[in-house]
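Engineer: Structure file upload_20.cif (mmCIF, C-alpha atoms) right here:
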data_entry
#
loop_
_atom_site.label_atom_id
_atom_site.label_comp_id
_atom_site.auth_asym_id
_atom_site.auth_seq_id
_atom_site.Cartn_x
_atom_site.Cartn_y
_atom_site.Cartn_z
CA MET A 1 -24.78 80.16 -33.14
CA LYS A 2 -25.29 82.43 -30.10
CA THR A 3 -28.88 81.23 -29.72
CA HIS A 4 -27.77 77.60 -29.89
CA LEU A 5 -25.08 78.25 -27.27
CA LYS A 6 -27.55 80.04 -24.97
CA LEU A 7 -30.05 77.20 -25.31
CA SER A 8 -27.35 74.63 -24.55
CA LEU A 9 -26.21 76.54 -21.46
CA PHE A 10 -29.81 76.93 -20.30
CA LEU A 11 -30.47 73.19 -20.64
CA ILE A 12 -27.25 72.30 -18.83
CA LEU A 13 -28.12 74.61 -15.94
CA LEU A 14 -31.71 73.40 -15.86
CA PHE A 15 -30.82 69.72 -15.60
CA THR A 16 -27.69 69.94 -13.46
CA SER A 17 -29.14 72.32 -10.88
CA SER A 18 -32.14 70.11 -10.22
CA ALA A 19 -30.33 66.79 -10.54
CA PHE A 20 -29.36 66.86 -6.87
CA ALA A 21 -32.22 68.94 -5.49
CA LEU A 22 -33.07 67.73 -2.01
CA GLU A 23 -36.66 66.58 -1.64
CA LYS A 24 -38.79 68.43 0.90
CA SER A 25 -39.43 65.17 2.79
CA ASP A 26 -35.66 64.61 3.08
CA GLN A 27 -35.17 68.18 4.33
CA ASN A 28 -37.89 67.58 6.92
CA SER A 29 -36.25 64.32 8.03
CA ILE A 30 -32.89 66.02 8.51
CA ASN A 31 -34.53 68.94 10.33
CA LYS A 32 -36.13 66.43 12.73
CA ILE A 33 -32.73 64.85 13.40
CA VAL A 34 -31.27 68.26 14.26
CA GLU A 35 -34.28 68.96 16.48
CA HIS A 36 -33.84 65.58 18.21
CA PHE A 37 -30.19 66.42 18.98
CA THR A 38 -31.26 69.80 20.39
CA ASN A 39 -33.83 68.14 22.65
CA ALA A 40 -31.32 65.49 23.77
CA TRP A 41 -28.96 68.29 24.78
CA ASN A 42 -31.50 70.53 26.50
CA LEU A 43 -33.86 68.01 28.07
CA HIS A 44 -31.88 64.83 28.63
CA GLU A 45 -28.32 65.92 29.49
CA GLY A 46 -26.94 64.48 26.27
CA LYS A 47 -28.76 61.13 26.44
CA GLY A 48 -30.04 60.32 22.96
CA SER A 49 -27.66 62.73 21.23
CA ALA A 50 -26.26 59.93 19.05
CA ASP A 51 -29.60 58.29 18.21
CA TYR A 52 -29.32 59.29 14.55
CA TYR A 53 -25.61 58.60 14.10
CA ALA A 54 -24.45 55.62 12.05
CA GLU A 55 -22.96 52.78 14.08
CA ASP A 56 -19.50 53.57 12.64
CA ALA A 57 -19.85 57.36 12.66
CA ASP A 58 -17.00 59.76 13.39
CA PHE A 59 -17.21 62.95 15.46
CA VAL A 60 -14.52 65.61 15.91
CA ASN A 61 -15.23 68.06 18.73
CA ILE A 62 -14.28 71.73 19.07
CA PHE A 63 -10.93 70.75 20.62
CA GLY A 64 -9.99 68.45 17.72
CA MET A 65 -10.60 65.25 19.70
CA ALA A 66 -11.98 62.46 17.51
CA PHE A 67 -14.57 59.93 18.63
CA SER A 68 -15.55 56.83 16.71
CA GLY A 69 -18.81 54.96 16.82
CA LYS A 70 -22.29 55.80 17.95
CA GLU A 71 -21.70 54.53 21.49
CA GLU A 72 -18.60 56.68 22.10
CA ILE A 73 -20.26 59.77 20.60
CA GLU A 74 -23.18 59.36 22.99
CA SER A 75 -21.05 58.66 26.07
CA ARG A 76 -18.85 61.72 25.41
CA HIS A 77 -21.91 63.97 25.15
CA VAL A 78 -23.35 62.58 28.37
CA LYS A 79 -19.97 63.09 30.10
CA ILE A 80 -19.64 66.77 29.10
CA HIS A 81 -23.18 67.36 30.38
CA GLU A 82 -22.04 66.10 33.78
CA THR A 83 -19.28 68.72 33.87
CA PHE A 84 -18.86 72.12 32.21
CA LEU A 85 -22.01 71.86 30.03
CA LYS A 86 -24.33 70.89 32.88
CA GLY A 87 -27.51 72.96 32.57
CA SER A 88 -26.39 74.62 29.32
CA ILE A 89 -28.88 75.45 26.57
CA PHE A 90 -28.21 74.49 22.94
CA GLU A 91 -29.88 76.56 20.22
CA VAL A 92 -29.73 76.21 16.44
CA THR A 93 -29.24 79.64 14.89
CA ASP A 94 -29.11 78.59 11.23
CA LEU A 95 -29.23 75.44 9.15
CA LYS A 96 -27.96 75.09 5.60
CA MET A 97 -27.99 71.84 3.67
CA ARG A 98 -27.29 70.63 0.19
CA GLU A 99 -27.39 67.27 -1.49
CA ALA A 100 -23.86 66.45 -2.68
CA LYS A 101 -25.21 63.51 -4.64
CA PRO A 102 -28.26 61.32 -4.22
CA GLY A 103 -28.26 59.88 -0.72
CA ILE A 104 -25.54 62.21 0.64
CA VAL A 105 -26.28 65.56 2.27
CA ILE A 106 -23.84 68.06 3.75
CA ALA A 107 -25.44 70.17 6.49
CA HIS A 108 -24.01 73.17 8.32
CA VAL A 109 -25.80 73.58 11.63
CA TYR A 110 -24.89 76.89 13.25
CA TRP A 111 -25.39 76.81 17.00
CA ARG A 112 -25.18 78.81 20.21
CA VAL A 113 -24.72 77.31 23.67
CA ASN A 114 -25.59 79.46 26.67
CA GLY A 115 -24.72 78.71 30.28
CA ILE A 116 -21.31 77.07 29.84
CA GLN A 117 -19.50 76.81 33.16
CA LYS A 118 -16.21 78.68 33.00
CA PRO A 119 -13.56 76.55 34.80
CA GLY A 120 -12.67 77.71 38.29
CA THR A 121 -15.38 80.38 38.47
CA GLU A 122 -19.09 80.75 38.99
CA SER A 123 -19.49 82.72 35.77
CA LYS A 124 -21.21 81.31 32.71
CA GLN A 125 -20.28 81.96 29.10
CA THR A 126 -21.75 81.56 25.63
CA MET A 127 -20.14 79.80 22.66
CA ASN A 128 -21.07 79.85 19.00
CA GLY A 129 -20.12 77.21 16.50
CA VAL A 130 -21.06 75.11 13.54
CA PHE A 131 -21.52 71.40 13.06
CA THR A 132 -20.61 70.16 9.61
CA HIS A 133 -22.59 66.93 9.29
CA ALA A 134 -22.36 64.37 6.50
CA PHE A 135 -25.75 62.64 6.29
CA ILE A 136 -26.27 59.43 4.36
CA ARG A 137 -29.50 57.73 3.44
CA ASN A 138 -29.37 54.15 4.66
CA ASN A 139 -32.42 51.95 3.95
CA ASP A 140 -34.61 55.04 3.41
CA LYS A 141 -33.49 56.55 6.75
CA TRP A 142 -31.13 59.48 7.14
CA GLU A 143 -28.25 59.17 9.58
CA ILE A 144 -25.13 61.13 10.38
CA THR A 145 -21.93 59.42 9.32
CA SER A 146 -19.48 62.19 10.22
CA THR A 147 -19.45 65.45 12.20
CA GLN A 148 -16.88 68.21 12.55
CA ASN A 149 -17.68 70.70 15.31
CA THR A 150 -16.01 74.09 15.04
CA LEU A 151 -16.14 77.24 17.15
CA VAL A 152 -16.89 80.51 15.34
CA SER A 153 -16.54 84.07 16.55
CA ASN A 154 -19.70 85.83 17.69
CA ASN A 155 -19.93 87.97 14.57
CA MET A 156 -19.53 85.24 11.95
CA ASN A 157 -23.06 83.79 11.68
#
Please rewrite the model in this file as structure tokens.
Structural biologist:
Amino acid sequence: MKTHLKLSLFLILLFTSSAFALEKSDQNSINKIVEHFTNAWNLHEGKGSADYYAEDADFVNIFGMAFSGKEEIESRHVKIHETFLKGSIFEVTDLKMREAKPGIVIAHVYWRVNGIQKPGTESKQTMNGVFTHAFIRNNDKWEITSTQNTLVSNNMN
């Protein structure tokens, strides 16, 4: 009986753990999207930051403000690069992803931004945070359908 139970548990773990294993090509595609966002931030003052967002995507920033739609997400990123994030450098410090079910991936993108203009002063500061992205596969292309951006303390990631 114990052997039968062990075999059953082994088979359950074997098939359920690989049922939603993310393909390497999908991981690479998502990594390229994260890299594209980084380049849009660092090289183009936010222009192109929403290139891989779904048309009806949602984005919640670190202040809890919600933006809807690819166009608004892009315009908000361009706007903040004209003000307190002008000249800042975005860096990915860690990336974790898992496939929730086929065609849906949850990604945690830990980030650091250096060179943030502190209001009313000449001093610059650094922030750390995490994007929680929901990616969906749409016509064999990955896109972000929702993002929550959250600040984290310096010692959390």
Engineer: What is the CA of Glu91 (chain A) to CA of Ile73 (chain A) distance in Å?
Structural biologist: 19.4 Å
Engineer: If you count only C-alpha atoms, which residues fall within 6 Å of Ala50 (chain A), apart from same-chain ones fewer than 3 positions away, as a PDB file with C-alpha atoms, keeping the file's coordinate frame?
Structural biologist:
ATOM      1  CA  TYR A  53     -25.610  58.600  14.100  1.00  0.00           C
ATOM      2  CA  LYS A  70     -22.290  55.800  17.950  1.00  0.00           C
ATOM      3  CA  GLU A  74     -23.180  59.360  22.990  1.00  0.00           C
TER       4      GLU A  74
END
Engineer: Quote the spacing between CA of Lys101 (chain A) and CA of Leu22 (chain A) in Å to one decimal place.
Structural biologist: 9.3 Å
Engineer: Evaluate the PyMOL selection byres ((chain A and resi 131) around 9) and record the selected residues as a ChimeraX atom specification, following the chain and residue labels used in the document.
Structural biologist: /A:107-111,129-130,132-133,147-151
Engineer: Mind checking which residues fall within 7 Å of region 28-33 of chain A, counting only C-alpha atoms, ignoring those fewer than 3 positions away in the same chain, and posting them as a CSV table (one decimal) with C-alpha atoms, in the frame of the given file?
Structural biologist:
chain,number,residue,atom,x,y,z
A,24,LYS,CA,-38.8,68.4,0.9
A,25,SER,CA,-39.4,65.2,2.8
A,36,HIS,CA,-33.8,65.6,18.2
A,37,PHE,CA,-30.2,66.4,19.0
A,52,TYR,CA,-29.3,59.3,14.6
A,142,TRP,CA,-31.1,59.5,7.1
Engineer: To one decimal place, how far is CA of Asp140 (chain A) from CA of Glu23 (chain A) in Å?
Structural biologist: 12.8 Å
Engineer: Ranking A:Gly64, A:Asp58, A:Ala40, A:Gly103 by minimum distance to Val78 (chain A) and counting all atoms listed in the file, which one comes first?
Structural biologist: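 Going through A:Gly64, A:Asp58, A:Ala40, A:Gly103 one by one, the smallest distance to Val78 (chain A) is for A:Ala40.
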Engineer: Which residues, named as in the file, does the PyMOL selection byres ((chain A and resi 116-122) around 9) pick out? Answer as JSON, numbers by chain.
Structural biologist: {"A": [83, 84, 85, 86, 87, 88, 89, 113, 114, 115, 123, 124, 125, 126, 127]}
Engineer: Could you list, as a PyMOL selection string, every residue matched by the PyMOL selection byres ((chain A and resi 69) around 6) in this structure?
Structural biologist: chain A and resi 55-57+68+70-72
Engineer: Which residue out of A:Asn139, A:Ala134, A:Met97, A:His81 has the minimum interatomic distance to Gln27 (chain A) when all atoms listed in the file are used?
Structural biologist: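 Closest to Gln27 (chain A), using all atoms listed in the file: A:Met97.
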Engineer: Counting all atoms listed in the file, which of A:Glu99, A:Glu35, A:Asp26, A:Asp51 gets nearest to Ser75 (chain A)?
Structural biologist: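 Between A:Glu99, A:Glu35, A:Asp26, A:Asp51, the residue approaching Ser75 (chain A) most closely is A:Asp51.
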Engineer: If you take every atom of region 130-138 of chain A that the file lists and fit an axis-aligned box around them with 4 Å extra on each side, what centre and edge lengths come out in Å to one decimal, as lines of an AutoDock Vina configuration file?
Structural biologist:
center_x = -25.1
center_y = 64.6
center_z = 8.5
size_x = 16.9
size_y = 29.0
size_z = 18.1
